[in-house]
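Below is the file protein.cif, which contains mmCIF, C-alpha atoms and all ligand atoms.
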data_query
#
loop_
_atom_site.label_atom_id
_atom_site.label_comp_id
_atom_site.auth_asym_id
_atom_site.auth_seq_id
_atom_site.Cartn_x
_atom_site.Cartn_y
_atom_site.Cartn_z
CA MET A 1 0.00 0.00 0.00
CA THR A 2 1.26 3.44 -0.87
CA LYS A 3 2.66 5.53 1.92
CA LEU A 4 1.47 8.92 0.75
CA TYR A 5 2.72 12.23 2.08
CA LEU A 6 1.10 15.56 1.32
CA ALA A 7 3.25 18.67 1.09
CA VAL A 8 1.16 21.77 1.77
CA PRO A 9 2.92 25.15 1.69
CA CYS A 10 1.23 27.77 3.84
CA TYR A 11 1.87 31.46 3.96
CA ASN A 12 -0.41 33.50 6.23
CA GLU A 13 -3.16 30.94 5.89
CA GLU A 14 -4.74 31.19 9.38
CA GLU A 15 -8.16 31.84 7.87
CA VAL A 16 -8.24 28.72 5.78
CA LEU A 17 -5.94 26.24 7.49
CA ARG A 18 -8.35 24.55 9.88
CA ASP A 19 -10.99 24.07 7.20
CA SER A 20 -8.43 22.67 4.83
CA ALA A 21 -7.00 20.39 7.50
CA ASP A 22 -10.48 19.00 8.26
CA LYS A 23 -11.14 18.30 4.62
CA LEU A 24 -7.75 16.71 4.09
CA VAL A 25 -7.93 14.46 7.12
CA GLU A 26 -11.42 13.37 6.17
CA LYS A 27 -10.19 12.46 2.71
CA PHE A 28 -7.18 10.67 4.17
CA ASP A 29 -9.35 8.66 6.55
CA ARG A 30 -11.54 7.58 3.66
CA MET A 31 -8.50 6.53 1.64
CA ILE A 32 -7.00 4.66 4.59
CA ASP A 33 -10.32 2.90 5.31
CA THR A 34 -10.63 1.74 1.73
CA LYS A 35 -6.99 0.58 1.86
CA LYS A 36 -5.92 2.96 -0.87
CA ILE A 37 -3.07 4.36 1.18
CA SER A 38 -1.16 3.10 4.21
CA GLU A 39 -2.12 4.35 7.67
CA LYS A 40 1.40 5.71 7.98
CA SER A 41 0.54 8.41 5.43
CA LYS A 42 0.94 12.00 6.57
CA ILE A 43 -0.24 15.53 5.87
CA VAL A 44 2.67 17.92 6.20
CA PHE A 45 2.26 21.69 6.36
CA ILE A 46 5.23 23.84 5.49
CA ASP A 47 4.96 27.23 7.10
CA ASP A 48 6.70 29.64 4.75
CA GLY A 49 7.61 32.19 7.42
CA SER A 50 4.04 33.34 8.05
CA ALA A 51 3.49 36.46 10.10
CA ASP A 52 0.12 35.35 11.47
CA ASN A 53 -1.00 32.37 13.56
CA THR A 54 -0.35 29.77 10.89
CA TRP A 55 2.43 27.99 12.80
CA LYS A 56 0.39 28.00 16.01
CA ILE A 57 -2.48 26.32 14.18
CA ILE A 58 -0.12 23.76 12.66
CA SER A 59 1.24 22.88 16.12
CA GLU A 60 -2.29 22.54 17.49
CA LEU A 61 -3.25 20.29 14.58
CA HIS A 62 -0.16 18.17 15.20
CA ASP A 63 -1.07 17.78 18.87
CA GLU A 64 -4.66 16.88 18.05
CA ASN A 65 -3.92 14.33 15.34
CA PRO A 66 -0.56 12.70 14.60
CA VAL A 67 -1.42 12.54 10.90
CA PHE A 68 -0.45 16.22 10.75
CA ASP A 69 3.21 17.19 10.73
CA GLY A 70 4.78 20.57 10.29
CA ILE A 71 7.91 22.25 9.02
CA LYS A 72 8.61 25.86 9.77
CA LEU A 73 10.94 27.84 7.55
CA SER A 74 13.11 30.50 9.13
CA ARG A 75 11.55 33.21 6.94
CA ASN A 76 9.32 33.74 3.93
CA ARG A 77 11.04 32.20 0.91
CA GLY A 78 8.12 32.06 -1.50
CA HIS A 79 5.83 29.30 -2.64
CA GLN A 80 8.35 27.51 -4.89
CA ASN A 81 11.02 27.26 -2.23
CA ALA A 82 8.55 26.19 0.44
CA LEU A 83 7.31 23.47 -1.86
CA LEU A 84 10.84 22.39 -2.69
CA CYS A 85 11.56 22.12 1.03
CA GLY A 86 8.53 19.86 1.42
CA MET A 87 9.47 17.67 -1.54
CA MET A 88 13.08 17.31 -0.48
CA THR A 89 12.34 16.69 3.19
CA LEU A 90 9.63 14.14 2.58
CA ARG A 91 11.18 12.13 -0.20
CA ASP A 92 13.01 9.81 2.23
CA LYS A 93 9.90 9.03 4.18
CA ALA A 94 7.19 8.44 1.62
CA ASP A 95 6.54 6.27 -1.41
CA ALA A 96 4.95 9.26 -3.10
CA VAL A 97 4.43 12.93 -2.33
CA ILE A 98 1.51 15.04 -3.52
CA SER A 99 1.95 18.80 -3.45
CA ILE A 100 -1.15 20.91 -3.02
CA ASP A 101 -1.92 24.53 -2.03
CA ALA A 102 -3.31 25.22 1.41
CA ASP A 103 -6.48 26.85 0.06
CA LEU A 104 -7.55 23.55 -1.56
CA GLN A 105 -8.46 25.14 -4.87
CA ASP A 106 -7.26 21.90 -6.37
CA ASP A 107 -9.59 18.95 -6.12
CA ILE A 108 -8.60 16.60 -3.31
CA GLU A 109 -10.81 13.93 -4.88
CA ALA A 110 -8.14 13.67 -7.56
CA PHE A 111 -5.83 12.02 -4.99
CA ASP A 112 -7.40 8.62 -5.71
CA GLU A 113 -6.67 8.75 -9.39
CA MET A 114 -3.18 10.08 -8.77
CA VAL A 115 -2.39 7.21 -6.42
CA GLU A 116 -3.91 4.69 -8.84
CA LYS A 117 -1.74 6.00 -11.64
CA PHE A 118 1.28 5.92 -9.36
CA GLU A 119 0.56 2.31 -8.47
CA GLY A 120 0.09 1.61 -12.14
CA GLY A 121 3.69 2.64 -12.75
CA CYS A 122 3.69 6.44 -13.18
CA ASP A 123 6.43 8.39 -11.44
CA VAL A 124 4.89 11.80 -11.99
CA VAL A 125 1.16 12.53 -12.16
CA TYR A 126 0.23 16.09 -13.08
CA GLY A 127 -3.00 17.65 -11.90
CA VAL A 128 -4.44 19.61 -14.81
CA ARG A 129 -7.39 22.01 -14.53
CA SER A 130 -10.18 21.41 -16.97
CA LYS A 131 -11.87 24.79 -16.47
CA ARG A 132 -11.08 28.02 -14.75
CA ASP A 133 -14.63 29.25 -14.23
CA THR A 134 -14.04 29.99 -10.60
CA ASP A 135 -11.04 32.20 -11.17
CA THR A 136 -11.57 35.87 -11.79
CA PHE A 137 -11.54 37.08 -15.38
CA PHE A 138 -8.25 38.80 -14.69
CA LYS A 139 -6.59 35.68 -13.30
CA ARG A 140 -7.86 33.57 -16.17
CA THR A 141 -6.57 35.85 -18.91
CA THR A 142 -3.24 36.54 -17.24
CA ALA A 143 -2.74 32.84 -16.53
CA GLY A 144 -3.61 31.97 -20.14
CA ALA A 145 -1.09 34.51 -21.41
CA PHE A 146 1.43 33.19 -18.92
CA TYR A 147 1.40 29.65 -20.36
CA LYS A 148 1.48 30.93 -23.93
CA VAL A 149 4.45 33.22 -23.34
CA LEU A 150 6.30 30.49 -21.46
CA ASN A 151 5.86 28.00 -24.26
CA LYS A 152 6.83 30.55 -26.91
CA MET A 153 9.96 31.28 -24.93
CA GLY A 154 10.92 27.64 -24.98
CA ALA A 155 10.00 26.62 -21.45
CA ASP A 156 7.95 23.47 -21.76
CA VAL A 157 5.20 23.60 -19.20
CA ILE A 158 2.09 21.51 -19.10
CA TYR A 159 -0.87 23.71 -19.96
CA ASN A 160 -3.04 24.52 -16.96
CA HIS A 161 -0.91 22.53 -14.57
CA ALA A 162 0.21 24.50 -11.55
CA ASP A 163 1.92 22.77 -8.67
CA PHE A 164 -0.67 20.12 -7.88
CA ARG A 165 1.06 16.85 -8.68
CA LEU A 166 2.19 13.52 -7.37
CA MET A 167 5.81 12.54 -7.53
CA SER A 168 7.22 9.13 -6.65
CA LYS A 169 10.22 8.75 -4.40
CA ARG A 170 12.25 7.82 -7.44
CA ALA A 171 11.24 10.99 -9.29
CA LEU A 172 11.97 13.12 -6.23
CA ASP A 173 15.38 11.52 -5.80
CA ALA A 174 16.14 12.29 -9.42
CA PHE A 175 14.82 15.81 -8.96
CA SER A 176 17.16 16.36 -6.03
CA LEU A 177 20.04 16.11 -8.50
CA TYR A 178 18.91 19.40 -10.05
CA LYS A 179 21.02 21.70 -7.95
CA GLU A 180 20.00 25.08 -9.33
CA ARG A 181 18.94 27.92 -7.05
CA ASN A 182 16.54 29.70 -9.40
CA ILE A 183 13.66 27.33 -9.44
CA PHE A 184 10.46 27.06 -11.37
CA LEU A 185 9.15 23.69 -10.32
CA ARG A 186 6.44 23.08 -12.89
CA GLY A 187 8.91 23.68 -15.68
CA MET A 188 11.66 21.60 -14.10
CA VAL A 189 9.72 18.48 -13.11
CA PRO A 190 9.17 17.39 -16.75
CA LEU A 191 12.96 17.50 -17.23
CA VAL A 192 13.30 14.57 -14.85
CA GLY A 193 11.58 12.25 -17.31
CA PHE A 194 10.15 8.87 -16.26
CA HIS A 195 6.67 7.71 -17.07
CA SER A 196 4.09 10.41 -16.39
CA ASP A 197 0.38 11.00 -16.79
CA VAL A 198 -2.21 13.67 -16.09
CA VAL A 199 -5.36 13.77 -13.99
CA THR A 200 -7.89 16.46 -14.83
CA TYR A 201 -10.08 18.20 -12.29
CA GLU A 202 -12.09 21.36 -11.91
CA ARG A 203 -10.53 24.15 -9.96
CA ALA A 204 -12.58 25.43 -7.06
CA GLU A 205 -12.59 28.78 -5.35
CA ARG A 206 -10.25 29.57 -2.51
CA LEU A 207 -11.86 28.28 0.72
CA ALA A 208 -11.12 31.49 2.60
CA GLY A 209 -8.64 34.31 2.81
CA GLU A 210 -7.05 36.13 -0.08
CA SER A 211 -4.74 35.04 -2.85
CA LYS A 212 -1.13 35.15 -1.72
CA TYR A 213 -0.15 35.60 -5.35
CA PRO A 214 -0.67 39.24 -6.16
CA LEU A 215 0.20 40.49 -9.65
CA LYS A 216 3.75 41.29 -8.60
CA LYS A 217 4.47 37.73 -7.44
CA MET A 218 2.78 36.37 -10.57
CA LEU A 219 4.93 38.47 -12.89
CA ASN A 220 7.92 37.38 -10.88
CA LEU A 221 7.03 33.74 -11.32
CA ALA A 222 6.54 34.20 -15.08
CA TRP A 223 9.90 35.92 -15.37
CA GLU A 224 11.60 33.20 -13.31
CA GLY A 225 9.93 30.61 -15.46
CA ILE A 226 11.23 32.10 -18.68
CA THR A 227 14.72 33.01 -17.61
CA SER A 228 15.46 29.90 -15.60
CA LEU A 229 14.36 27.49 -18.29
CA SER A 230 15.29 29.15 -21.52
CA VAL A 231 17.97 31.25 -23.18
CA LYS A 232 15.60 32.26 -25.95
CA PRO A 233 15.35 35.91 -24.82
CA ILE A 234 19.10 36.28 -25.35
CA ARG A 235 18.75 34.72 -28.77
CA ILE A 236 15.96 37.16 -29.63
CA ILE A 237 18.29 40.00 -28.76
CA THR A 238 21.01 38.62 -31.00
CA LEU A 239 18.52 38.22 -33.84
CA SER A 240 17.14 41.72 -33.47
CA GLY A 241 20.71 43.00 -33.37
CA ALA A 242 21.35 41.29 -36.70
CA ALA A 243 18.14 42.69 -38.14
CA ILE A 244 19.11 46.19 -37.08
CA LEU A 245 22.53 45.76 -38.62
CA LEU A 246 20.88 44.94 -41.95
CA ILE A 247 18.61 47.95 -41.67
CA SER A 248 21.54 50.18 -40.84
CA ILE A 249 23.43 48.99 -43.93
CA ALA A 250 20.42 50.08 -46.00
CA MET A 251 20.41 53.36 -44.08
CA ILE A 252 24.11 53.97 -44.80
CA LEU A 253 23.54 53.41 -48.49
CA TYR A 254 20.58 55.77 -48.44
CA LEU A 255 22.58 58.42 -46.55
CA LEU A 256 25.53 58.20 -48.91
CA VAL A 257 23.31 58.47 -51.93
CA SER A 258 21.51 61.52 -50.58
CA PHE A 259 24.86 63.05 -49.56
CA PHE A 260 26.22 62.81 -53.06
CA MET A 261 22.97 64.12 -54.47
CA GLY A 262 23.35 67.17 -52.26
CA SER A 263 20.20 66.74 -50.25
CA ALA A 264 21.76 65.86 -46.89
CA ILE A 265 20.14 68.73 -44.97
CA GLY A 266 17.19 67.88 -42.82
CA GLY A 267 17.57 64.31 -41.68
CA TRP A 268 17.00 65.51 -38.17
CA THR A 269 13.89 63.38 -37.80
CA SER A 270 15.46 60.18 -38.95
CA ILE A 271 18.49 60.68 -36.72
CA LEU A 272 16.39 61.29 -33.67
CA ILE A 273 14.14 58.32 -34.39
CA SER A 274 17.01 55.93 -34.80
CA LEU A 275 18.69 57.38 -31.72
CA TRP A 276 15.66 56.67 -29.57
CA ALA A 277 14.87 53.32 -31.12
CA LEU A 278 18.40 52.08 -30.76
CA GLY A 279 18.73 53.48 -27.26
CA GLY A 280 15.62 51.64 -26.18
CA LEU A 281 16.69 48.40 -27.79
CA LEU A 282 20.13 48.60 -26.28
CA LEU A 283 18.74 49.20 -22.83
CA ILE A 284 16.42 46.22 -23.10
CA ALA A 285 19.23 44.07 -24.42
CA VAL A 286 21.60 45.05 -21.64
CA GLY A 287 18.83 44.52 -19.11
CA ILE A 288 18.05 41.00 -20.26
CA ILE A 289 21.70 40.02 -20.40
CA GLY A 290 22.11 41.52 -16.95
CA GLU A 291 19.24 39.37 -15.76
CA TYR A 292 21.04 36.22 -16.82
CA ILE A 293 24.30 37.41 -15.31
CA GLY A 294 22.41 38.11 -12.09
CA LYS A 295 21.11 34.56 -12.20
CA ILE A 296 24.61 33.20 -12.67
CA TYR A 297 25.67 35.28 -9.68
CA LEU A 298 22.94 33.76 -7.55
CA GLU A 299 23.80 30.26 -8.75
CA VAL A 300 27.50 30.48 -8.00
CA LYS A 301 26.83 31.71 -4.48
CA ARG A 302 25.08 28.40 -3.76
CA ARG A 303 22.98 29.89 -1.02
CA PRO A 304 20.48 27.57 0.64
CA GLN A 305 17.00 27.87 -0.80
CA TYR A 306 15.39 27.50 2.58
CA ILE A 307 16.33 26.95 6.19
CA ILE A 308 14.19 24.87 8.51
CA GLU A 309 13.71 26.52 11.86
CA GLU A 310 11.58 23.88 13.53
CA SER A 311 9.77 20.71 12.60
CA LEU A 312 6.96 18.73 14.12
CA GLY A 313 6.81 14.98 13.76
CA ILE A 314 8.74 14.66 10.53
CA ASN A 315 11.74 12.88 11.98
CA GLU A 316 9.99 10.65 14.45
CA GLN A 317 9.65 7.40 12.57
N1 LIG B 401 2.46 30.55 -0.56
C1 LIG B 401 3.68 30.35 0.09
N2 LIG B 401 4.57 31.41 0.14
C2 LIG B 401 4.32 32.62 -0.45
C3 LIG B 401 3.08 32.78 -1.13
C4 LIG B 401 2.18 31.72 -1.19
O1 LIG B 401 3.96 29.28 0.63
O2 LIG B 401 5.16 33.51 -0.36
C5 LIG B 401 1.50 29.41 -0.62
C6 LIG B 401 0.10 29.74 -0.14
O3 LIG B 401 -0.04 29.60 1.24
C7 LIG B 401 -0.74 28.71 -0.90
C8 LIG B 401 0.04 28.55 -2.20
O4 LIG B 401 1.34 29.06 -1.95
O5 LIG B 401 -0.76 27.46 -0.25
C9 LIG B 401 -0.62 29.25 -3.37
O6 LIG B 401 -0.96 30.56 -3.04
P1 LIG B 401 -2.36 31.20 -3.42
O7 LIG B 401 -3.46 30.22 -3.23
O8 LIG B 401 -2.49 32.47 -2.67
O9 LIG B 401 -2.13 31.50 -4.97
P2 LIG B 401 -3.24 31.51 -6.14
O10 LIG B 401 -4.05 30.25 -5.98
O11 LIG B 401 -4.04 32.73 -5.94
O12 LIG B 401 -2.42 31.51 -7.38
MG MG B 402 -4.91 29.55 -4.41
#

Please re-express this file's structure in structure tokens.
Amino acid sequence: MTKLYLAVPCYNEEEVLRDSADKLVEKFDRMIDTKKISEKSKIVFIDDGSADNTWKIISELHDENPVFDGIKLSRNRGHQNALLCGMMTLRDKADAVISIDADLQDDIEAFDEMVEKFEGGCDVVYGVRSKRDTDTFFKRTTAGAFYKVLNKMGADVIYNHADFRLMSKRALDAFSLYKERNIFLRGMVPLVGFHSDVVTYERAERLAGESKYPLKKMLNLAWEGITSLSVKPIRIITLSGAAILLISIAMILYLLVSFFMGSAIGGWTSILISLWALGGLLLIAVGIIGEYIGKIYLEVKRRPQYIIEESLGINEQ
């Protein structure tokens, strides 16, 4: 029987945590009763440096029911790092780990199918949303654009898959070999390979509280996704540089011809336009290259992605 561990990152989730915990434990009990998962399975909350009562609630839950464990990070490191911490800490203890957000927008009923597929030989099972009716119009359109841009930029992500997925111990062990600091999990997991499958579900509304992914964090994630998985932006710069070179050769010819024909006066407009256009392009180019150099800087420093301050239960067995 599969020993299943859930990794649930939580950042300021006091409003939703108890509800989610109830729902999760109820689901777990049902799965244990029907012998779908072993009774040693666990629900592990990773507190991503919350400023509210999240950690207090996690400790209470752990005291009330040993199925709940907790990991507390020393400070807020962001969803991706919190999730990575969960995946890497739990991979030694479980047969499979499912990652899911604390607000349970992803369908917990999909656990069954995920576990079935895992038992049927899949190492990675992606949860894919069939509809996004419950998301706001804004979220839907920005998210749609997000996947399109990512794919255009050469980062292969599974459409409408966020971070709700099952990974086997074997896949997690393989994933641990990816040592990079700039992480974009949903784009990196497919790189591991192995046999994978998808499970579709409908995305629900957040149980309570507000989205912890404001526009700024979303743009950040998109940017991380592109620049950590692809060098295409740099290639685009090189190509546009080449295109501009061709245009400027045509310009030089034109300028020489008009010079010899004695009509070189004026030209003020064209000079100013090219000045501004080139200036803008150069700035963008330098900025993007700088971005990659910044990433290299972060990589070579090899800083830890997260630091565990405290944990509840995890190391007991
Ligand atoms: N989260 C986190 N650290 C952060 C921001 C978010 O661990 O800095 C967690 C959050 O608690 C939730 C998940 O990441 O479990 C997804 O966040 P949210 O539901 O707010 O994002 P949305 O569904 O709106 O994209
Ligand atoms: Mg959410």

Contact table chain A vs ligand LIG 401 (chain B), cut-off 9 Å, shortest pair per residue, all atoms listed in the file, as a tab-separated table:
residue	atom	partner	partner_atom	distance
A:Val8	CA	B:LIG401	O5	6.3
A:Pro9	CA	B:LIG401	O1	4.4
A:Cys10	CA	B:LIG401	O3	3.4
A:Tyr11	CA	B:LIG401	O3	3.8
A:Asn12	CA	B:LIG401	O3	6.3
A:Glu13	CA	B:LIG401	O3	5.8
A:Ile46	CA	B:LIG401	O1	7.4
A:Asp47	CA	B:LIG401	O1	6.9
A:Asp48	CA	B:LIG401	O1	5.0
A:Gly49	CA	B:LIG401	N2	7.9
A:Ser50	CA	B:LIG401	N2	8.2
A:Asn76	CA	B:LIG401	O2	6.0
A:Arg77	CA	B:LIG401	O2	6.2
A:Gly78	CA	B:LIG401	O2	3.5
A:His79	CA	B:LIG401	C1	3.6
A:Gln80	CA	B:LIG401	O1	7.3
A:Asn81	CA	B:LIG401	O1	7.9
A:Ala82	CA	B:LIG401	O1	5.5
A:Leu83	CA	B:LIG401	O1	7.2
A:Ile100	CA	B:LIG401	O5	7.1
A:Asp101	CA	B:LIG401	O5	3.6
A:Ala102	CA	B:LIG401	O5	3.8
A:Asp103	CA	B:LIG401	O7	5.6
A:Leu104	CA	B:LIG401	O5	7.9
A:Gln105	CA	B:LIG401	O10	6.8
A:Asp106	CA	B:LIG401	O10	9.0
A:Asp135	CA	B:LIG401	O11	8.8
A:Lys139	CA	B:LIG401	O11	8.3
A:Ala162	CA	B:LIG401	O12	8.6
A:Asp163	CA	B:LIG401	C9	8.7
A:Glu205	CA	B:LIG401	O10	8.7
A:Arg206	CA	B:LIG401	O7	6.9
A:Gly209	CA	B:LIG401	O8	8.4
A:Glu210	CA	B:LIG401	O8	6.4
A:Ser211	CA	B:LIG401	O8	3.4
A:Lys212	CA	B:LIG401	O8	3.2
A:Tyr213	CA	B:LIG401	O9	4.6
A:Pro214	CA	B:LIG401	O11	7.3
A:Lys217	CA	B:LIG401	C3	8.1
A:Met218	CA	B:LIG401	O12	7.8

Using C-alpha atoms, can you export the residues from the last selection as an mmCIF file, in the frame of the given file?
data_model
loop_
_atom_site.group_PDB
_atom_site.id
_atom_site.type_symbol
_atom_site.label_atom_id
_atom_site.label_comp_id
_atom_site.auth_asym_id
_atom_site.auth_seq_id
_atom_site.Cartn_x
_atom_site.Cartn_y
_atom_site.Cartn_z
ATOM 1 C CA VAL A 8 1.160 21.770 1.770
ATOM 2 C CA PRO A 9 2.920 25.150 1.690
ATOM 3 C CA CYS A 10 1.230 27.770 3.840
ATOM 4 C CA TYR A 11 1.870 31.460 3.960
ATOM 5 C CA ASN A 12 -0.410 33.500 6.230
ATOM 6 C CA GLU A 13 -3.160 30.940 5.890
ATOM 7 C CA ILE A 46 5.230 23.840 5.490
ATOM 8 C CA ASP A 47 4.960 27.230 7.100
ATOM 9 C CA ASP A 48 6.700 29.640 4.750
ATOM 10 C CA GLY A 49 7.610 32.190 7.420
ATOM 11 C CA SER A 50 4.040 33.340 8.050
ATOM 12 C CA ASN A 76 9.320 33.740 3.930
ATOM 13 C CA ARG A 77 11.040 32.200 0.910
ATOM 14 C CA GLY A 78 8.120 32.060 -1.500
ATOM 15 C CA HIS A 79 5.830 29.300 -2.640
ATOM 16 C CA GLN A 80 8.350 27.510 -4.890
ATOM 17 C CA ASN A 81 11.020 27.260 -2.230
ATOM 18 C CA ALA A 82 8.550 26.190 0.440
ATOM 19 C CA LEU A 83 7.310 23.470 -1.860
ATOM 20 C CA ILE A 100 -1.150 20.910 -3.020
ATOM 21 C CA ASP A 101 -1.920 24.530 -2.030
ATOM 22 C CA ALA A 102 -3.310 25.220 1.410
ATOM 23 C CA ASP A 103 -6.480 26.850 0.060
ATOM 24 C CA LEU A 104 -7.550 23.550 -1.560
ATOM 25 C CA GLN A 105 -8.460 25.140 -4.870
ATOM 26 C CA ASP A 106 -7.260 21.900 -6.370
ATOM 27 C CA ASP A 135 -11.040 32.200 -11.170
ATOM 28 C CA LYS A 139 -6.590 35.680 -13.300
ATOM 29 C CA ALA A 162 0.210 24.500 -11.550
ATOM 30 C CA ASP A 163 1.920 22.770 -8.670
ATOM 31 C CA GLU A 205 -12.590 28.780 -5.350
ATOM 32 C CA ARG A 206 -10.250 29.570 -2.510
ATOM 33 C CA GLY A 209 -8.640 34.310 2.810
ATOM 34 C CA GLU A 210 -7.050 36.130 -0.080
ATOM 35 C CA SER A 211 -4.740 35.040 -2.850
ATOM 36 C CA LYS A 212 -1.130 35.150 -1.720
ATOM 37 C CA TYR A 213 -0.150 35.600 -5.350
ATOM 38 C CA PRO A 214 -0.670 39.240 -6.160
ATOM 39 C CA LYS A 217 4.470 37.730 -7.440
ATOM 40 C CA MET A 218 2.780 36.370 -10.570
#

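Coordinates place atom CA of Lys23 of chain A at a distance of 8.5 Å from atom CA of Ile108 of chain A.
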
Margin query: One number please: atom CA of Lys117 of chain A to atom CA of Val157 of chain A, in Å, one decimal.
Written below: 20.4 Å

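Compared by their closest atoms to Arg129 of chain A, and using only C-alpha atoms, the residues A:Ile296, A:Ala143, A:Leu312, A:Leu177 rank with A:Ala143 nearest.
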
Note to self: My list of candidates is A:Ile158, A:Glu26, A:Arg140, A:Glu180. Which is closest to Leu298 of chain A when distances are computed with only C-alpha atoms?
What the structure shows: A:Glu180

Next item on the list: May I ask for the distance between atom CA of Ser59 of chain A and atom CA of Leu24 of chain A, given in Å to one decimal place?
Entry: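 Here the two named atoms are 16.2 Å from each other.
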
Note to self: I'd like the contact shell of Leu219 of chain A - 12 Å cut-off, all atoms listed in the file, skipping same-chain residues fewer than 3 positions apart - returned as a PyMOL selection string.
What the structure shows: chain A and resi 139+142-143+145-146+149-150+213-216+222-226

Next item on the list: Determine, counting all atoms listed in the file, which protein, DNA and RNA residues have an atom within 9 Å of an atom of segment 270-287 of chain A; residues of the same chain fewer than 3 positions away are not included. Present the result as a VMD selection string.
Entry: chain A and resid 234 237 to 238 240 to 241 244 266 to 267 290 to 292

Item checked: Shell of 9 Å around Leu17 of chain A, only C-alpha atoms, local chain residues under 2 positions omitted, as an NGL selection string -> :A and (10 or 13-15 or 19-22 or 54 or 57-58 or 102-103 or 208)

Notebook entry, point to check: Could you pull the residues within 9 Å of Thr2 of chain A, counting only C-alpha atoms, minus those fewer than 4 positions along the same chain, as a VMD selection string?
Noted result: chain A and resid 36 to 38 41 94 to 96 115 118 to 119

Could you name the residues that touch Val192 of chain A at 12 Å or less, counting only C-alpha atoms, but leaving out those on the same chain fewer than 3 positions away, as a PDB file with C-alpha atoms, keeping the file's coordinate frame?
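The resulting file, part28.pdb, is shown below:
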ATOM      1  CA  ASP A 123       6.430   8.390 -11.440  1.00  0.00           C
ATOM      2  CA  VAL A 124       4.890  11.800 -11.990  1.00  0.00           C
ATOM      3  CA  MET A 167       5.810  12.540  -7.530  1.00  0.00           C
ATOM      4  CA  SER A 168       7.220   9.130  -6.650  1.00  0.00           C
ATOM      5  CA  ARG A 170      12.250   7.820  -7.440  1.00  0.00           C
ATOM      6  CA  ALA A 171      11.240  10.990  -9.290  1.00  0.00           C
ATOM      7  CA  LEU A 172      11.970  13.120  -6.230  1.00  0.00           C
ATOM      8  CA  ASP A 173      15.380  11.520  -5.800  1.00  0.00           C
ATOM      9  CA  ALA A 174      16.140  12.290  -9.420  1.00  0.00           C
ATOM     10  CA  PHE A 175      14.820  15.810  -8.960  1.00  0.00           C
ATOM     11  CA  SER A 176      17.160  16.360  -6.030  1.00  0.00           C
ATOM     12  CA  LEU A 177      20.040  16.110  -8.500  1.00  0.00           C
ATOM     13  CA  TYR A 178      18.910  19.400 -10.050  1.00  0.00           C
ATOM     14  CA  LEU A 185       9.150  23.690 -10.320  1.00  0.00           C
ATOM     15  CA  ARG A 186       6.440  23.080 -12.890  1.00  0.00           C
ATOM     16  CA  GLY A 187       8.910  23.680 -15.680  1.00  0.00           C
ATOM     17  CA  MET A 188      11.660  21.600 -14.100  1.00  0.00           C
ATOM     18  CA  VAL A 189       9.720  18.480 -13.110  1.00  0.00           C
ATOM     19  CA  HIS A 195       6.670   7.710 -17.070  1.00  0.00           C
ATOM     20  CA  SER A 196       4.090  10.410 -16.390  1.00  0.00           C
TER      21      SER A 196
END

Next item on the list: Could you tell me which of A:Lys232, A:Arg181, A:His161, A:Lys3 comes closest to Lys35 of chain A if we count all atoms listed in the file?
Entry: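 So, comparing all the options, the nearest one is A:Lys3.
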
Check: A:Ala7, A:Leu166, A:Met88, A:Ile43: which is nearest Leu61 of chain A, counting all atoms listed in the file?
Finding: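 For Leu61 of chain A, the nearest of the given residues is A:Ile43.
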
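Residue nearest ligand MG 402 (chain B), chosen from A:Phe45, A:Trp55, A:Phe164, A:Phe184 and counting only C-alpha atoms and all ligand atoms: A:Phe164.
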
Item checked: Pick from A:Asp52, A:Glu64, A:Glu310, A:Asp107, whichever lies nearest to ligand MG 402 (chain B) using only C-alpha atoms and all ligand atoms ->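 Residue with the minimum atom-to-atom distance to ligand MG 402 (chain B): A:Asp107.
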